[in-house]
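K.L.:
Below: one structure in structure tokens.
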Amino acid sequence: MHEDIAQVLFTEDEIAKRVDEIGAAITGDYAEVAGNRGLVMISVLRGAAIFMADLARAVRLPVEMDYMAISSYGDGSKSSGVVRVLKDISTDIAGRHVIIAEDILDTGLTLKYLLRYLASRNPASLEVATFLRKRTSDQAEIACKYIGFECPDEFIVGYGLDYAERYRNLPYVGVLKADVYR
Ligand code: PRP
């Protein structure tokens with residue numbers, strides 16, 4: 001375990017197993033509607049790229065992958081819900097089955113914005129797969145069809161989640177020691 005991690009919440013094996021389960025669920029849910037073109041998975045850089053890379057490989061249907069980059073005006077640790085698109089998807093999603101792959105649902109403001117933004121392009125369907133959902137009292141109501149794990153409202157890193165761009169490549173999810181960010 002990394003010296004900056006106080007506690008491991010989800011191990012590499014647990015994550016792999018859960019991602020496989022979600023992939024199997026998606027495969028089953030979309031098998032009939034996917035057709036030759038399959039699904040479009042969209043993730044928001046940067047953290048969610050790791051989850052989407054694993055999830056796409058766990059789905060036994062054709063999956064196109066695309067990426068967005070957004071900047072959120074907040075205090076740096078919490079998003080404000082005011083979002084600017086820095087990089088848009090290049091896929092035409094009209095009439096397509098779309099799944100947004102997110103690494104974490106915290107306030108929910110990012111997903112609230114994204115769902116509205118992508119729905120305006122008339123996909124055939126639009127769902128959310130989030131690797132983690134934080135247990136917070138003030139989370140926006142987001143309908144997530146697929147959830148990896150519920151997690152406590154702590155400073156967590158790994159499997160895509162960073163602190164100051166570090167720890168994203170930890171293969172597990174852990175709680176960061178408080179003396180690292182204080
Ligand atoms: C994180 C995460 C989600 C968002 C969730 O991104 O990837 O997109 O915050 O927070 P919310 O539910 O409170 O809106 P971040 O802005 O940290 O960017 P990153 O993926 O580059 O780390």
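By order of appearance in the structure tokens: chains A, B, ..., then residues from 1 within every chain, and ligands from 1 in the order shown.
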Where does chain A meet ligand 1 within 6 Å, residue by residue, with the nearest atom pair and distance in Å to one decimal for each, counting only C-alpha atoms and all ligand atoms, listed by chain and rising number, as CSV?
P.N.:
residue,atom,partner,partner_atom_place_in_ligand_line,distance
A:Leu45,CA,ligand 1,20 (O),5.1
A:Arg46,CA,ligand 1,21 (O),3.9
A:Gly47,CA,ligand 1,20 (O),3.6
A:Ala48,CA,ligand 1,7 (O),5.7
A:Lys78,CA,ligand 1,13 (O),5.6
A:Ser79,CA,ligand 1,13 (O),5.0
A:Asp103,CA,ligand 1,7 (O),5.3
A:Ile104,CA,ligand 1,2 (C),5.1
A:Leu105,CA,ligand 1,12 (O),4.1
A:Asp106,CA,ligand 1,12 (O),3.5
A:Thr107,CA,ligand 1,13 (O),3.5
A:Gly108,CA,ligand 1,12 (O),3.4
A:Leu109,CA,ligand 1,14 (O),4.1
A:Thr110,CA,ligand 1,14 (O),3.6
A:Leu161,CA,ligand 1,22 (O),5.8
A:Asp162,CA,ligand 1,22 (O),5.7
K.L.:
Could you list, as an MDAnalysis selection string, every residue within 8 Å of Pro62 of chain A, counting only C-alpha atoms and ignoring same-chain residues fewer than 6 positions away?
P.N.:
chainID A and resid 34 36:39
K.L.:
DSSP says strand (DSSP E) for which residues of segment 10-146 of chain A? Put them as an NGL selection string?
P.N.:
:A and (10 or 39-45 or 63-72 or 83-87 or 97-105 or 125-134 or 146)
K.L.:
Name all residues at most 12 Å from Leu111 of chain A (count only C-alpha atoms; drop same-chain ones fewer than 3 positions away) and give them as number ranges by chain.
P.N.:
A: 42-44, 70, 72, 79-83, 99-108, 114-119, 126-130, 133, 139-144
K.L.:
Taking C-alpha atoms for each residue, export the selection above as an mmCIF file, in the first residue's frame.
P.N.:
data_model
loop_
_atom_site.group_PDB
_atom_site.id
_atom_site.type_symbol
_atom_site.label_atom_id
_atom_site.label_comp_id
_atom_site.auth_asym_id
_atom_site.auth_seq_id
_atom_site.Cartn_x
_atom_site.Cartn_y
_atom_site.Cartn_z
ATOM 1 C CA ILE A 42 -18.583 8.928 -23.115
ATOM 2 C CA SER A 43 -16.303 9.863 -20.285
ATOM 3 C CA VAL A 44 -15.189 13.149 -18.883
ATOM 4 C CA ILE A 70 -14.995 20.375 -19.035
ATOM 5 C CA SER A 72 -16.094 23.583 -13.541
ATOM 6 C CA SER A 79 -17.914 21.729 -8.379
ATOM 7 C CA SER A 80 -20.280 24.670 -8.632
ATOM 8 C CA GLY A 81 -22.450 23.336 -11.425
ATOM 9 C CA VAL A 82 -21.359 26.142 -13.716
ATOM 10 C CA VAL A 83 -19.559 24.257 -16.423
ATOM 11 C CA ILE A 99 -23.752 5.641 -21.589
ATOM 12 C CA ILE A 100 -21.844 8.269 -19.642
ATOM 13 C CA ALA A 101 -19.046 6.587 -17.687
ATOM 14 C CA GLU A 102 -18.143 8.645 -14.628
ATOM 15 C CA ASP A 103 -15.608 7.907 -11.960
ATOM 16 C CA ILE A 104 -17.439 9.549 -9.076
ATOM 17 C CA LEU A 105 -20.759 11.157 -8.304
ATOM 18 C CA ASP A 106 -20.246 13.674 -5.515
ATOM 19 C CA THR A 107 -22.431 16.787 -5.608
ATOM 20 C CA GLY A 108 -23.954 15.488 -8.845
ATOM 21 C CA LEU A 114 -23.803 16.582 -18.781
ATOM 22 C CA LEU A 115 -27.144 14.812 -18.914
ATOM 23 C CA ARG A 116 -28.851 17.992 -20.055
ATOM 24 C CA TYR A 117 -26.071 18.795 -22.516
ATOM 25 C CA LEU A 118 -26.034 15.357 -24.136
ATOM 26 C CA ALA A 119 -29.820 14.865 -24.062
ATOM 27 C CA LEU A 126 -28.886 8.113 -22.280
ATOM 28 C CA GLU A 127 -27.795 6.415 -19.069
ATOM 29 C CA VAL A 128 -25.114 6.851 -16.432
ATOM 30 C CA ALA A 129 -22.586 4.324 -15.180
ATOM 31 C CA THR A 130 -20.704 5.714 -12.210
ATOM 32 C CA ARG A 133 -21.311 7.270 -5.602
ATOM 33 C CA GLN A 139 -26.302 15.314 -3.748
ATOM 34 C CA ALA A 140 -28.345 16.311 -6.792
ATOM 35 C CA GLU A 141 -30.860 13.679 -7.798
ATOM 36 C CA ILE A 142 -29.236 11.775 -10.635
ATOM 37 C CA ALA A 143 -30.699 8.591 -12.048
ATOM 38 C CA CYS A 144 -27.715 6.232 -12.270
#
K.L.:
Could you jot down the atom CA of Asp179 of chain A to atom CA of Phe155 of chain A separation for me, Å, one decimal place?
P.N.:
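One can read the atom CA of Asp179 of chain A to atom CA of Phe155 of chain A distance as 11.5 Å.
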K.L.:
Compare A:Tyr113, A:Tyr67, A:Tyr163, A:Phe51 by their minimum atom-to-atom distance to Leu132 of chain A, counting only C-alpha atoms, and give me the closest one.
P.N.:
A:Phe51
K.L.:
Fewer than 3 positions away in the same chain doesn't count, so skip those; otherwise give me all residues within 10 Å of Ile5 of chain A, counting only C-alpha atoms, as a ChimeraX atom specification.
P.N.:
/A:1-2,8,156-158,167,173-178,180
K.L.:
From the set A:Ile89, A:Phe10, A:Arg168, A:Val98, which residue has the shortest atom-to-atom contact distance to Ala69 of chain A, counting only C-alpha atoms?
P.N.:
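Ranking A:Ile89, A:Phe10, A:Arg168, A:Val98 by distance to Ala69 of chain A, first place goes to A:Ile89.
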